[in-house]
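So this one's protein25.cif, mmCIF, C-alpha atoms and all ligand atoms:
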data_input
loop_
_atom_site.group_PDB
_atom_site.id
_atom_site.type_symbol
_atom_site.label_atom_id
_atom_site.label_comp_id
_atom_site.auth_asym_id
_atom_site.auth_seq_id
_atom_site.Cartn_x
_atom_site.Cartn_y
_atom_site.Cartn_z
ATOM 1 C CA MET A 1267 -52.785 43.532 216.734
ATOM 2 C CA LYS A 1268 -49.184 42.603 217.528
ATOM 3 C CA GLN A 1269 -47.751 40.176 214.967
ATOM 4 C CA ARG A 1270 -46.312 36.979 216.346
ATOM 5 C CA GLY A 1271 -43.691 34.734 214.820
ATOM 6 C CA LEU A 1272 -40.733 32.487 215.612
ATOM 7 C CA ASN A 1273 -38.412 34.182 218.055
ATOM 8 C CA THR A 1274 -35.209 34.258 216.020
ATOM 9 C CA ILE A 1275 -32.804 35.465 218.713
ATOM 10 C CA GLN A 1276 -33.895 32.932 221.321
ATOM 11 C CA ARG A 1277 -34.034 30.011 218.874
ATOM 12 C CA ASP A 1278 -30.696 30.977 217.378
ATOM 13 C CA ALA A 1279 -28.939 30.945 220.771
ATOM 14 C CA ASP A 1280 -30.528 27.632 221.757
ATOM 15 C CA LEU A 1281 -29.674 25.933 218.464
ATOM 16 C CA ARG A 1282 -26.094 27.174 218.561
ATOM 17 C CA ARG A 1283 -25.566 25.437 221.891
ATOM 18 C CA ARG A 1284 -26.913 22.219 220.415
ATOM 19 C CA VAL A 1285 -24.862 22.129 217.201
ATOM 20 C CA LEU A 1286 -21.447 23.274 218.439
ATOM 21 C CA ASP A 1287 -18.927 21.467 220.604
ATOM 22 C CA PRO A 1288 -16.127 24.021 221.015
ATOM 23 C CA VAL A 1289 -13.922 21.593 222.964
ATOM 24 C CA THR A 1290 -13.641 19.039 220.159
ATOM 25 C CA ARG A 1291 -14.231 21.724 217.497
ATOM 26 C CA SER A 1292 -17.127 19.661 216.145
ATOM 27 C CA VAL A 1293 -20.457 20.623 214.613
ATOM 28 C CA LEU A 1294 -23.668 18.650 214.133
ATOM 29 C CA VAL A 1295 -24.192 17.859 210.450
ATOM 30 C CA SER A 1296 -27.308 16.341 208.917
ATOM 31 C CA GLN A 1297 -27.558 12.721 207.961
ATOM 32 C CA ILE A 1298 -29.121 13.124 204.515
ATOM 33 C CA ASN A 1299 -29.599 9.429 203.830
ATOM 34 C CA GLY A 1300 -33.127 8.264 204.514
ATOM 35 C CA THR A 1301 -34.687 11.752 204.492
ATOM 36 C CA ALA A 1302 -37.268 13.138 202.063
ATOM 37 C CA GLN A 1303 -34.519 15.356 200.659
ATOM 38 C CA GLN A 1304 -32.828 12.299 199.153
ATOM 39 C CA LYS A 1305 -35.551 12.084 196.519
ATOM 40 C CA ASP A 1306 -34.581 15.527 195.201
ATOM 41 C CA LEU A 1307 -30.897 14.660 194.756
ATOM 42 C CA SER A 1308 -29.484 14.006 191.314
ATOM 43 C CA ALA A 1309 -26.581 11.913 192.691
ATOM 44 C CA PRO A 1310 -26.347 9.483 195.618
ATOM 45 C CA THR A 1311 -25.158 10.842 198.955
ATOM 46 C CA ASN A 1312 -21.499 10.307 199.914
ATOM 47 C CA CYS A 1313 -19.278 10.334 203.029
ATOM 48 C CA ASP A 1314 -21.511 7.822 204.852
ATOM 49 C CA GLY A 1315 -24.679 9.737 204.042
ATOM 50 C CA ILE A 1316 -23.679 13.157 205.420
ATOM 51 C CA GLY A 1317 -22.368 14.631 202.172
ATOM 52 C CA ARG A 1318 -23.873 15.174 198.784
ATOM 53 C CA ILE A 1319 -22.816 16.438 195.391
ATOM 54 C CA ARG A 1320 -24.625 19.505 194.177
ATOM 55 C CA HIS A 1321 -24.567 20.499 190.516
ATOM 56 C CA PHE A 1322 -24.587 24.285 190.372
ATOM 57 C CA ARG A 1323 -25.864 25.344 186.966
ATOM 58 C CA GLN A 1324 -25.904 28.778 185.390
ATOM 59 C CA HIS A 1325 -29.081 27.855 183.531
ATOM 60 C CA VAL A 1326 -32.021 27.924 185.935
ATOM 61 C CA VAL A 1327 -35.295 27.463 184.049
ATOM 62 C CA ALA A 1328 -36.511 28.907 180.732
ATOM 63 C CA GLY A 1329 -37.129 32.639 181.095
ATOM 64 C CA TRP A 1330 -35.321 33.026 184.426
ATOM 65 C CA PRO A 1331 -31.926 34.819 184.441
ATOM 66 C CA THR A 1332 -28.827 32.680 184.709
ATOM 67 C CA ASN A 1333 -27.350 32.077 188.151
ATOM 68 C CA PRO A 1334 -23.635 32.890 188.258
ATOM 69 C CA LEU A 1335 -23.250 31.734 191.886
ATOM 70 C CA PRO A 1336 -20.964 30.290 193.016
ATOM 71 C CA ILE A 1337 -19.598 29.446 189.562
ATOM 72 C CA PHE A 1338 -18.184 32.926 188.799
ATOM 73 C CA PRO A 1339 -16.292 33.560 192.067
ATOM 74 C CA ALA A 1340 -15.102 29.940 192.198
ATOM 75 C CA SER A 1341 -13.883 30.051 188.586
ATOM 76 C CA ARG A 1342 -12.027 33.276 189.257
ATOM 77 C CA TRP A 1343 -10.208 31.633 192.141
ATOM 78 C CA LEU A 1344 -9.499 28.457 190.175
ATOM 79 C CA GLY A 1345 -8.281 30.439 187.155
ATOM 80 C CA VAL A 1346 -10.730 28.932 184.663
ATOM 81 C CA ASP A 1347 -13.456 30.328 182.434
ATOM 82 C CA PRO A 1348 -16.849 29.973 184.150
ATOM 83 C CA PRO A 1349 -18.356 26.697 182.898
ATOM 84 C CA PRO A 1350 -22.130 26.209 182.512
ATOM 85 C CA GLU A 1351 -22.077 23.797 185.435
ATOM 86 C CA MET A 1352 -19.838 23.130 188.439
ATOM 87 C CA MET A 1353 -20.040 20.484 191.126
ATOM 88 C CA ALA A 1354 -19.741 21.106 194.844
ATOM 89 C CA GLN A 1355 -19.420 18.890 197.879
ATOM 90 C CA VAL A 1356 -22.174 19.925 200.277
ATOM 91 C CA TYR A 1357 -22.382 19.418 204.032
ATOM 92 C CA GLN A 1358 -25.471 20.640 205.888
ATOM 93 C CA LEU A 1359 -25.541 21.995 209.426
ATOM 94 C CA ALA A 1360 -28.420 20.277 211.242
ATOM 95 C CA ALA A 1361 -30.237 23.372 212.513
ATOM 96 C CA CYS A 1362 -32.006 26.542 211.505
ATOM 97 C CA ALA A 1363 -34.150 28.956 213.492
ATOM 98 C CA TRP A 1364 -36.609 29.513 210.643
ATOM 99 C CA ARG A 1365 -39.098 27.400 208.695
ATOM 100 C CA CYS A 1366 -39.211 28.659 205.117
ATOM 101 C CA TRP A 1367 -41.977 26.913 203.203
ATOM 102 C CA TYR A 1368 -39.752 26.620 200.136
ATOM 103 C CA CYS A 1369 -36.798 25.123 202.028
ATOM 104 C CA TYR A 1370 -35.374 22.061 200.259
ATOM 105 C CA VAL A 1371 -34.426 20.519 203.619
ATOM 106 C CA PRO A 1372 -37.073 18.598 205.601
ATOM 107 C CA PHE A 1373 -37.925 20.527 208.783
ATOM 108 C CA ALA A 1374 -37.047 17.424 210.829
ATOM 109 C CA SER A 1375 -33.430 17.966 209.736
ATOM 110 C CA LEU A 1376 -33.378 21.539 211.069
ATOM 111 C CA ARG A 1377 -34.021 20.782 214.755
ATOM 112 C CA ALA A 1378 -30.505 19.794 215.859
ATOM 113 C CA ASP A 1379 -31.873 16.314 216.395
ATOM 114 C CA PRO A 1380 -29.000 13.940 217.279
ATOM 115 C CA SER A 1381 -30.944 10.987 215.827
ATOM 116 C CA LYS A 1382 -30.850 12.646 212.396
ATOM 117 C CA SER A 1383 -27.302 14.032 212.484
ATOM 118 C CA VAL A 1384 -23.674 13.317 213.314
ATOM 119 C CA TRP A 1385 -20.934 15.216 215.168
ATOM 120 C CA LYS A 1386 -17.976 15.959 212.895
ATOM 121 C CA THR A 1387 -14.883 18.111 213.009
ATOM 122 C CA ALA A 1388 -14.176 20.380 210.052
ATOM 123 C CA ASP A 1389 -10.929 18.487 209.704
ATOM 124 C CA ALA A 1390 -12.741 15.149 209.247
ATOM 125 C CA LEU A 1391 -15.174 16.668 206.745
ATOM 126 C CA VAL A 1392 -12.325 18.124 204.698
ATOM 127 C CA ASP A 1393 -10.489 14.761 204.809
ATOM 128 C CA ALA A 1394 -13.633 13.009 203.527
ATOM 129 C CA TYR A 1395 -13.904 15.602 200.758
ATOM 130 C CA LEU A 1396 -10.251 15.215 199.763
ATOM 131 C CA ALA A 1397 -10.671 11.437 199.628
ATOM 132 C CA LEU A 1398 -13.488 11.606 197.058
ATOM 133 C CA GLU A 1399 -12.551 9.868 193.846
ATOM 134 C CA GLU A 1400 -13.935 12.698 191.722
ATOM 135 C CA ARG A 1401 -13.328 15.630 194.000
ATOM 136 C CA PRO A 1402 -15.417 18.708 193.088
ATOM 137 C CA PRO A 1403 -13.620 22.080 193.170
ATOM 138 C CA ILE A 1404 -16.073 23.595 195.667
ATOM 139 C CA ILE A 1405 -16.963 22.818 199.283
ATOM 140 C CA ASP A 1406 -20.392 24.229 200.096
ATOM 141 C CA LEU A 1407 -21.167 24.657 203.799
ATOM 142 C CA SER A 1408 -24.918 24.790 203.811
ATOM 143 C CA GLY A 1409 -27.783 24.023 206.097
ATOM 144 C CA GLY A 1410 -29.687 24.614 207.949
ATOM 145 C CA SER A 1411 -27.970 27.761 208.926
ATOM 146 C CA PRO A 1412 -24.147 27.553 209.002
ATOM 147 C CA ASP A 1413 -23.889 31.063 210.427
ATOM 148 C CA LEU A 1414 -25.142 29.645 213.734
ATOM 149 C CA VAL A 1415 -21.543 28.405 214.027
ATOM 150 C CA PRO A 1416 -19.295 30.668 211.930
ATOM 151 C CA GLU A 1417 -16.337 28.896 213.532
ATOM 152 C CA TRP A 1418 -17.156 25.998 211.202
ATOM 153 C CA ILE A 1419 -16.343 28.153 208.178
ATOM 154 C CA ALA A 1420 -13.033 29.342 209.635
ATOM 155 C CA TRP A 1421 -12.045 25.804 210.688
ATOM 156 C CA THR A 1422 -12.871 24.483 207.200
ATOM 157 C CA LEU A 1423 -10.804 27.178 205.494
ATOM 158 C CA GLN A 1424 -7.902 26.453 207.849
ATOM 159 C CA ALA A 1425 -8.140 22.702 207.226
ATOM 160 C CA VAL A 1426 -8.235 23.151 203.439
ATOM 161 C CA GLU A 1427 -5.159 25.356 203.635
ATOM 162 C CA MET A 1428 -3.226 23.108 206.030
ATOM 163 C CA LYS A 1429 -3.871 20.074 203.839
ATOM 164 C CA GLY A 1430 -2.439 21.903 200.832
ATOM 165 C CA ALA A 1431 -5.727 22.033 198.907
ATOM 166 C CA ALA A 1432 -6.438 25.781 198.951
ATOM 167 C CA ARG A 1433 -5.240 26.372 195.382
ATOM 168 C CA THR A 1434 -7.744 23.829 194.040
ATOM 169 C CA THR A 1435 -10.658 24.381 196.435
ATOM 170 C CA PHE A 1436 -13.146 27.219 196.696
ATOM 171 C CA VAL A 1437 -15.162 27.318 199.920
ATOM 172 C CA TRP A 1438 -18.703 28.679 199.696
ATOM 173 C CA SER A 1439 -21.138 29.074 202.563
ATOM 174 C CA ASP A 1440 -24.765 30.064 202.947
ATOM 175 C CA ASP A 1441 -25.794 32.632 205.505
ATOM 176 C CA ASN A 1442 -29.453 33.288 206.268
ATOM 177 C CA LEU A 1443 -28.586 36.585 207.967
ATOM 178 C CA SER A 1444 -30.218 35.632 211.246
ATOM 179 C CA SER A 1445 -27.196 35.854 213.502
ATOM 180 C CA THR A 1446 -25.221 38.979 214.464
ATOM 181 C CA ARG A 1447 -22.460 36.820 215.953
ATOM 182 C CA LEU A 1448 -19.722 37.878 213.512
ATOM 183 C CA LEU A 1449 -20.538 41.540 214.042
ATOM 184 C CA GLU A 1450 -20.351 41.466 217.814
ATOM 185 C CA LYS A 1451 -17.191 42.326 219.700
ATOM 186 C CA ASP A 1452 -16.256 38.663 220.210
ATOM 187 C CA GLY A 1453 -16.959 37.698 216.615
ATOM 188 C CA ARG A 1454 -15.198 40.484 214.818
ATOM 189 C CA SER A 1455 -11.785 38.807 214.712
ATOM 190 C CA LEU A 1456 -13.426 35.654 213.329
ATOM 191 C CA LEU A 1457 -15.075 37.689 210.584
ATOM 192 C CA ASP A 1458 -11.759 39.337 209.710
ATOM 193 C CA ALA A 1459 -10.032 35.936 209.670
ATOM 194 C CA ILE A 1460 -12.653 34.447 207.322
ATOM 195 C CA ALA A 1461 -12.528 37.512 205.078
ATOM 196 C CA THR A 1462 -8.776 37.143 204.496
ATOM 197 C CA TYR A 1463 -9.194 33.858 202.608
ATOM 198 C CA PRO A 1464 -9.254 34.597 198.872
ATOM 199 C CA ASN A 1465 -10.753 31.157 198.148
ATOM 200 C CA TYR A 1466 -13.940 31.975 200.061
ATOM 201 C CA GLY A 1467 -17.318 33.478 199.142
ATOM 202 C CA ARG A 1468 -20.547 33.856 201.068
ATOM 203 C CA ALA A 1469 -24.142 33.698 199.852
ATOM 204 C CA CYS A 1470 -26.205 36.049 201.997
ATOM 205 C CA CYS A 1471 -29.763 34.780 201.674
ATOM 206 C CA LEU A 1472 -32.429 37.409 202.120
ATOM 207 C CA LYS A 1473 -35.707 35.702 202.948
ATOM 208 C CA GLY A 1474 -37.974 38.231 201.327
ATOM 209 C CA PHE A 1475 -37.944 41.753 199.919
ATOM 210 C CA ASP A 1476 -39.762 43.416 202.823
ATOM 211 C CA GLY A 1477 -41.039 42.591 206.310
ATOM 212 C CA ALA A 1478 -44.291 41.057 205.061
ATOM 213 C CA SER A 1479 -42.652 38.711 202.555
ATOM 214 C CA PHE A 1480 -39.987 37.792 205.124
ATOM 215 C CA ALA A 1481 -42.652 36.771 207.663
ATOM 216 C CA PHE A 1482 -44.698 34.999 204.978
ATOM 217 C CA ASN A 1483 -41.644 32.955 203.966
ATOM 218 C CA THR A 1484 -39.947 32.174 207.292
ATOM 219 C CA ARG A 1485 -42.768 32.144 209.873
ATOM 220 C CA ALA A 1486 -40.588 34.515 211.918
ATOM 221 C CA HIS A 1487 -41.528 38.004 213.086
ATOM 222 C CA PRO A 1488 -41.381 40.594 210.250
ATOM 223 C CA ASP A 1489 -38.756 42.578 212.210
ATOM 224 C CA GLY A 1490 -36.341 39.846 211.166
ATOM 225 C CA PHE A 1491 -36.133 41.445 207.732
ATOM 226 C CA GLU A 1492 -34.637 44.652 209.161
ATOM 227 C CA ARG A 1493 -32.242 42.494 211.156
ATOM 228 C CA GLN A 1494 -31.227 40.739 207.925
ATOM 229 C CA LEU A 1495 -30.436 44.104 206.316
ATOM 230 C CA GLU A 1496 -28.495 45.236 209.396
ATOM 231 C CA ILE A 1497 -26.365 42.099 209.290
ATOM 232 C CA LEU A 1498 -25.860 42.498 205.554
ATOM 233 C CA SER A 1499 -24.819 46.085 206.186
ATOM 234 C CA GLY A 1500 -22.233 44.955 208.743
ATOM 235 C CA TYR A 1501 -20.779 42.425 206.310
ATOM 236 C CA ALA A 1502 -20.775 44.993 203.510
ATOM 237 C CA ARG A 1503 -18.462 47.173 205.596
ATOM 238 C CA SER A 1504 -15.994 44.288 205.928
ATOM 239 C CA GLU A 1505 -13.631 42.752 203.392
ATOM 240 C CA MET A 1506 -15.751 39.601 203.118
ATOM 241 C CA ASN A 1507 -16.584 38.478 199.583
ATOM 242 C CA ILE A 1508 -20.392 38.566 199.707
ATOM 243 C CA TYR A 1509 -23.193 37.905 197.260
ATOM 244 C CA ILE A 1510 -26.940 37.965 197.784
ATOM 245 C CA TYR A 1511 -29.779 35.623 196.948
ATOM 246 C CA LEU A 1512 -33.149 37.343 196.749
ATOM 247 C CA PRO A 1513 -36.316 35.202 196.664
ATOM 248 C CA LEU A 1514 -39.100 37.036 194.878
ATOM 249 C CA VAL A 1515 -41.921 35.292 196.724
ATOM 250 C CA GLY A 1516 -44.304 36.894 199.145
ATOM 251 C CA PRO A 1517 -48.010 37.520 199.755
ATOM 252 C CA ALA A 1518 -50.032 39.420 197.173
ATOM 253 C CA GLY A 1519 -48.638 42.937 197.397
ATOM 254 C CA PRO A 1520 -49.931 46.414 196.746
ATOM 255 C CA CYS A 1521 -47.661 47.030 193.762
ATOM 256 C CA SER A 1522 -44.898 44.699 192.618
ATOM 257 C CA ARG A 1523 -42.977 47.480 190.924
ATOM 258 C CA SER A 1524 -42.792 49.606 194.077
ATOM 259 C CA GLN A 1525 -41.785 46.564 196.106
ATOM 260 C CA ILE A 1526 -38.811 45.973 193.815
ATOM 261 C CA GLU A 1527 -37.933 49.676 193.795
ATOM 262 C CA ALA A 1528 -37.930 49.657 197.584
ATOM 263 C CA ILE A 1529 -35.610 46.663 198.006
ATOM 264 C CA LEU A 1530 -33.265 48.018 195.340
ATOM 265 C CA GLU A 1531 -33.093 51.318 197.170
ATOM 266 C CA ARG A 1532 -32.310 49.542 200.435
ATOM 267 C CA LEU A 1533 -29.531 47.442 198.869
ATOM 268 C CA THR A 1534 -28.000 50.408 197.064
ATOM 269 C CA ALA A 1535 -28.041 52.447 200.263
ATOM 270 C CA ILE A 1536 -26.080 49.698 202.020
ATOM 271 C CA ARG A 1537 -23.444 49.524 199.295
ATOM 272 C CA VAL A 1538 -23.730 50.716 195.768
ATOM 273 C CA ASP A 1539 -22.507 47.465 194.173
ATOM 274 C CA LEU A 1540 -24.919 45.204 196.063
ATOM 275 C CA PRO A 1541 -27.683 45.119 193.411
ATOM 276 C CA ALA A 1542 -25.128 43.802 190.888
ATOM 277 C CA ARG A 1543 -24.127 41.152 193.432
ATOM 278 C CA THR A 1544 -27.732 40.066 193.902
ATOM 279 C CA VAL A 1545 -29.204 37.045 192.173
ATOM 280 C CA PRO A 1546 -32.978 36.568 192.092
ATOM 281 C CA LEU A 1547 -33.567 33.097 193.518
ATOM 282 C CA TYR A 1548 -35.995 31.011 191.503
ATOM 283 C CA ILE A 1549 -38.308 29.042 193.765
ATOM 284 C CA GLY A 1550 -39.383 25.819 192.105
ATOM 285 C CA ARG A 1551 -41.401 22.864 193.316
ATOM 286 C CA PHE A 1552 -39.235 20.326 195.134
ATOM 287 C CA HIS A 1553 -40.335 17.015 196.545
ATOM 288 C CA THR A 1554 -39.561 18.254 200.084
ATOM 289 C CA MET A 1555 -41.780 21.322 199.895
ATOM 290 C CA VAL A 1556 -44.823 20.346 197.825
ATOM 291 C CA ASP A 1557 -46.741 19.274 200.933
ATOM 292 C CA ARG A 1558 -46.219 22.773 202.353
ATOM 293 C CA LEU A 1559 -47.920 24.472 199.393
ATOM 294 C CA ASP A 1560 -51.317 26.152 199.737
ATOM 295 C CA THR A 1561 -53.242 28.641 197.641
ATOM 296 C CA GLN A 1562 -51.264 31.680 198.806
ATOM 297 C CA ARG A 1563 -47.908 30.002 198.283
ATOM 298 C CA ASP A 1564 -48.957 28.735 194.862
ATOM 299 C CA MET A 1565 -49.876 32.302 193.969
ATOM 300 C CA ALA A 1566 -46.508 33.494 195.255
ATOM 301 C CA LEU A 1567 -44.764 31.043 192.912
ATOM 302 C CA GLU A 1568 -46.689 32.544 190.005
ATOM 303 C CA ARG A 1569 -46.122 36.115 191.110
ATOM 304 C CA GLN A 1570 -42.325 35.699 191.305
ATOM 305 C CA TRP A 1571 -42.270 36.124 187.515
ATOM 306 C CA GLU A 1572 -43.970 39.513 187.736
ATOM 307 C CA LEU A 1573 -41.517 40.691 190.387
ATOM 308 C CA LEU A 1574 -38.635 39.367 188.287
ATOM 309 C CA HIS A 1575 -39.849 41.422 185.346
ATOM 310 C CA HIS A 1576 -39.464 44.623 187.398
ATOM 311 C CA TRP A 1577 -36.125 43.518 188.806
ATOM 312 C CA GLN A 1578 -34.726 42.883 185.328
ATOM 313 C CA ARG A 1579 -35.877 46.266 184.072
ATOM 314 C CA MET A 1580 -34.168 47.988 186.994
ATOM 315 C CA VAL A 1581 -30.989 45.874 187.206
ATOM 316 C CA PRO A 1582 -30.042 45.155 183.602
ATOM 317 C CA ALA A 1583 -26.388 44.361 184.397
ATOM 318 C CA LEU A 1584 -27.288 41.275 186.393
ATOM 319 C CA ALA A 1585 -25.057 38.893 184.427
ATOM 320 C CA GLN A 1586 -22.013 41.059 185.142
ATOM 321 C CA ILE A 1587 -21.640 39.860 188.689
ATOM 322 C CA PRO A 1588 -18.323 41.156 190.055
HETATM 323 S S1 LIG A 1601 -33.369 29.872 206.359
HETATM 324 FE FE1 LIG A 1601 -32.591 28.411 204.836
HETATM 325 S S2 LIG A 1601 -32.263 26.504 205.966
HETATM 326 FE FE2 LIG A 1601 -33.564 27.811 207.234
HETATM 327 S S3 LIG A 1601 -35.638 27.166 206.750
HETATM 328 FE FE3 LIG A 1601 -35.136 28.903 205.432
HETATM 329 S S4 LIG A 1601 -34.358 28.012 203.529
HETATM 330 FE FE4 LIG A 1601 -34.313 26.397 205.106
#
Output the file's structure in the form of structure tokens.
Amino acid sequence: MKQRGLNTIQRDADLRRRVLDPVTRSVLVSQINGTAQQKDLSAPTNCDGIGRIRHFRQHVVAGWPTNPLPIFPASRWLGVDPPPEMMAQVYQLAACAWRCWYCYVPFASLRADPSKSVWKTADALVDAYLALEERPPIIDLSGGSPDLVPEWIAWTLQAVEMKGAARTTFVWSDDNLSSTRLLEKDGRSLLDAIATYPNYGRACCLKGFDGASFAFNTRAHPDGFERQLEILSGYARSEMNIYIYLPLVGPAGPCSRSQIEAILERLTAIRVDLPARTVPLYIGRFHTMVDRLDTQRDMALERQWELLHHWQRMVPALAQIP
């Protein structure tokens, strides 16, 4: 039987049209105030409810490996020793083609809904960031799926530079590897432009470790996993400073060890340093996602520890992220 799922390419193109205004160079960002996500935040929202402070911590939970992202690359740029915790100013693009059950954003904030979002230029967002009384050293362009509008990343980097804040600001963005835009003929110069900024790093978020876990997590067709690896491969051939988040959740599998061996082989074949740039993403229970849990997903949360065990045996140098 043919497997069905969200049509990534079609949804991606439609959402892009709805979150980008190329004339005013504006993008649609989520209004976080008043959403279920607010209950998961450790600090109040800022910038009239469209920004939030995120505390990135190396310590994740007991027994899980530390998370060096984006603390290590940001610290390198800022010329400081990596601290245990770093703050970032987060803005969220108001759209994503997928519906991951563990997403910390309410699905209503992923539909490019103008009643739950605001049009903003990158310039205005950077100004709001620079005006913060306690300005964090990182801007995190998150989502939703910021790679629907990679222009946003380039415009933000330009604005930070033009306002004289590049030396003290590291720009970090999330990419769910759903869009080939930067790898197409028209996007290539944008990719090269983004890659030239030394104060930039990109989290490439795999949404599973094989086609079945990808479909289980995103509700999209399993082919999307191969597309994710193709996009990752394209980025890996560029100068862009990339890192990978790997969620270790999926349906009960035939053999967890062979599943980890397989994804490691795929990453190594793309570029030999990619496993060392990969951080296993701990999936915890957030307020936003608990209503989406069911027996299978609960089991997946338990099983992530077993998959982690194999990952750690095979990638012992995890803490040495380049
Ligand atoms: S790809 Fe990211 S933003 Fe989109 S649903 Fe999944 S976790 Fe949420």
Could the centre and edge lengths of an axis-aligned box, enclosing all atoms of ligand LIG 1601 (chain A) in the file with 5 Å extra on each side, be given in Å to one decimal as lines of an AutoDock Vina configuration file?
center_x = -34.0
center_y = 28.1
center_z = 205.4
size_x = 13.4
size_y = 13.5
size_z = 13.7
Pro1416 in chain A: which residues within 10 Å, counting only C-alpha atoms, same-chain residues fewer than 5 positions away excluded, as a compact mmCIF listing (two decimals) with C-alpha atoms, in the frame of the given file?
# COMPACT_ATOMS: atom_id res chain seq x y z
CA SER A 1411 -27.97 27.76 208.93
CA TRP A 1421 -12.04 25.80 210.69
CA SER A 1439 -21.14 29.07 202.56
CA ASP A 1441 -25.79 32.63 205.50
CA SER A 1445 -27.20 35.85 213.50
CA ARG A 1447 -22.46 36.82 215.95
CA LEU A 1448 -19.72 37.88 213.51
CA GLY A 1453 -16.96 37.70 216.62
CA LEU A 1456 -13.43 35.65 213.33
CA LEU A 1457 -15.08 37.69 210.58
CA ILE A 1460 -12.65 34.45 207.32
Problem - Who sits within 8 Å of range 1476-1490 of chain A, only C-alpha atoms, same chain under 3 positions skipped, as an NGL selection string - result: :A and (1269-1274 or 1364-1368 or 1444 or 1473 or 1493-1494 or 1515-1517 or 1525 or 1529)
Problem - Selection as a ChimeraX atom specification: residues within 10 Å of (-23.5, 33.6, 194.8), counting all atoms listed in the file - result: /A:1333-1340,1438-1440,1467-1471,1507-1511,1543-1545,1587
Save the residues we just selected, C-alpha atoms, as an mmCIF file, in the coordinates of the input?
data_model
loop_
_atom_site.group_PDB
_atom_site.id
_atom_site.type_symbol
_atom_site.label_atom_id
_atom_site.label_comp_id
_atom_site.auth_asym_id
_atom_site.auth_seq_id
_atom_site.Cartn_x
_atom_site.Cartn_y
_atom_site.Cartn_z
ATOM 1 C CA ASN A 1333 -27.350 32.077 188.151
ATOM 2 C CA PRO A 1334 -23.635 32.890 188.258
ATOM 3 C CA LEU A 1335 -23.250 31.734 191.886
ATOM 4 C CA PRO A 1336 -20.964 30.290 193.016
ATOM 5 C CA ILE A 1337 -19.598 29.446 189.562
ATOM 6 C CA PHE A 1338 -18.184 32.926 188.799
ATOM 7 C CA PRO A 1339 -16.292 33.560 192.067
ATOM 8 C CA ALA A 1340 -15.102 29.940 192.198
ATOM 9 C CA TRP A 1438 -18.703 28.679 199.696
ATOM 10 C CA SER A 1439 -21.138 29.074 202.563
ATOM 11 C CA ASP A 1440 -24.765 30.064 202.947
ATOM 12 C CA GLY A 1467 -17.318 33.478 199.142
ATOM 13 C CA ARG A 1468 -20.547 33.856 201.068
ATOM 14 C CA ALA A 1469 -24.142 33.698 199.852
ATOM 15 C CA CYS A 1470 -26.205 36.049 201.997
ATOM 16 C CA CYS A 1471 -29.763 34.780 201.674
ATOM 17 C CA ASN A 1507 -16.584 38.478 199.583
ATOM 18 C CA ILE A 1508 -20.392 38.566 199.707
ATOM 19 C CA TYR A 1509 -23.193 37.905 197.260
ATOM 20 C CA ILE A 1510 -26.940 37.965 197.784
ATOM 21 C CA TYR A 1511 -29.779 35.623 196.948
ATOM 22 C CA ARG A 1543 -24.127 41.152 193.432
ATOM 23 C CA THR A 1544 -27.732 40.066 193.902
ATOM 24 C CA VAL A 1545 -29.204 37.045 192.173
ATOM 25 C CA ILE A 1587 -21.640 39.860 188.689
#
Skip Arg1291 in chain A itself and residues of its chain fewer than 2 positions away, then list as a PDB file with C-alpha atoms, in the coordinates of the input all residues within 10 Å of it, counting only C-alpha atoms.
ATOM      1  CA  LEU A1286     -21.447  23.274 218.439  1.00  0.00           C
ATOM      2  CA  ASP A1287     -18.927  21.467 220.604  1.00  0.00           C
ATOM      3  CA  PRO A1288     -16.127  24.021 221.015  1.00  0.00           C
ATOM      4  CA  VAL A1289     -13.922  21.593 222.964  1.00  0.00           C
ATOM      5  CA  VAL A1293     -20.457  20.623 214.613  1.00  0.00           C
ATOM      6  CA  TRP A1385     -20.934  15.216 215.168  1.00  0.00           C
ATOM      7  CA  LYS A1386     -17.976  15.959 212.895  1.00  0.00           C
ATOM      8  CA  THR A1387     -14.883  18.111 213.009  1.00  0.00           C
ATOM      9  CA  ALA A1388     -14.176  20.380 210.052  1.00  0.00           C
ATOM     10  CA  ASP A1389     -10.929  18.487 209.704  1.00  0.00           C
ATOM     11  CA  GLU A1417     -16.337  28.896 213.532  1.00  0.00           C
ATOM     12  CA  TRP A1418     -17.156  25.998 211.202  1.00  0.00           C
ATOM     13  CA  TRP A1421     -12.045  25.804 210.688  1.00  0.00           C
TER      14      TRP A1421
END
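Taking only C-alpha atoms and all ligand atoms into account, ligand LIG 1601 (chain A) lies nearest to A:Ala1363 out of the set A:Cys1313, A:Val1326, A:Leu1407, A:Ala1363.
Minimum atom-to-atom distances from A:Ile1405, A:Leu1376, A:Leu1514, A:Met1352 to ligand LIG 1601 (chain A) were compared using all atoms listed in the file, and the lowest value belongs to A:Leu1376.
Minimum distance to ligand LIG 1601 (chain A) across A:Ser1308, A:Ser1408, A:Ser1455, A:Thr1462 (counting all atoms listed in the file) occurs at A:Ser1408.
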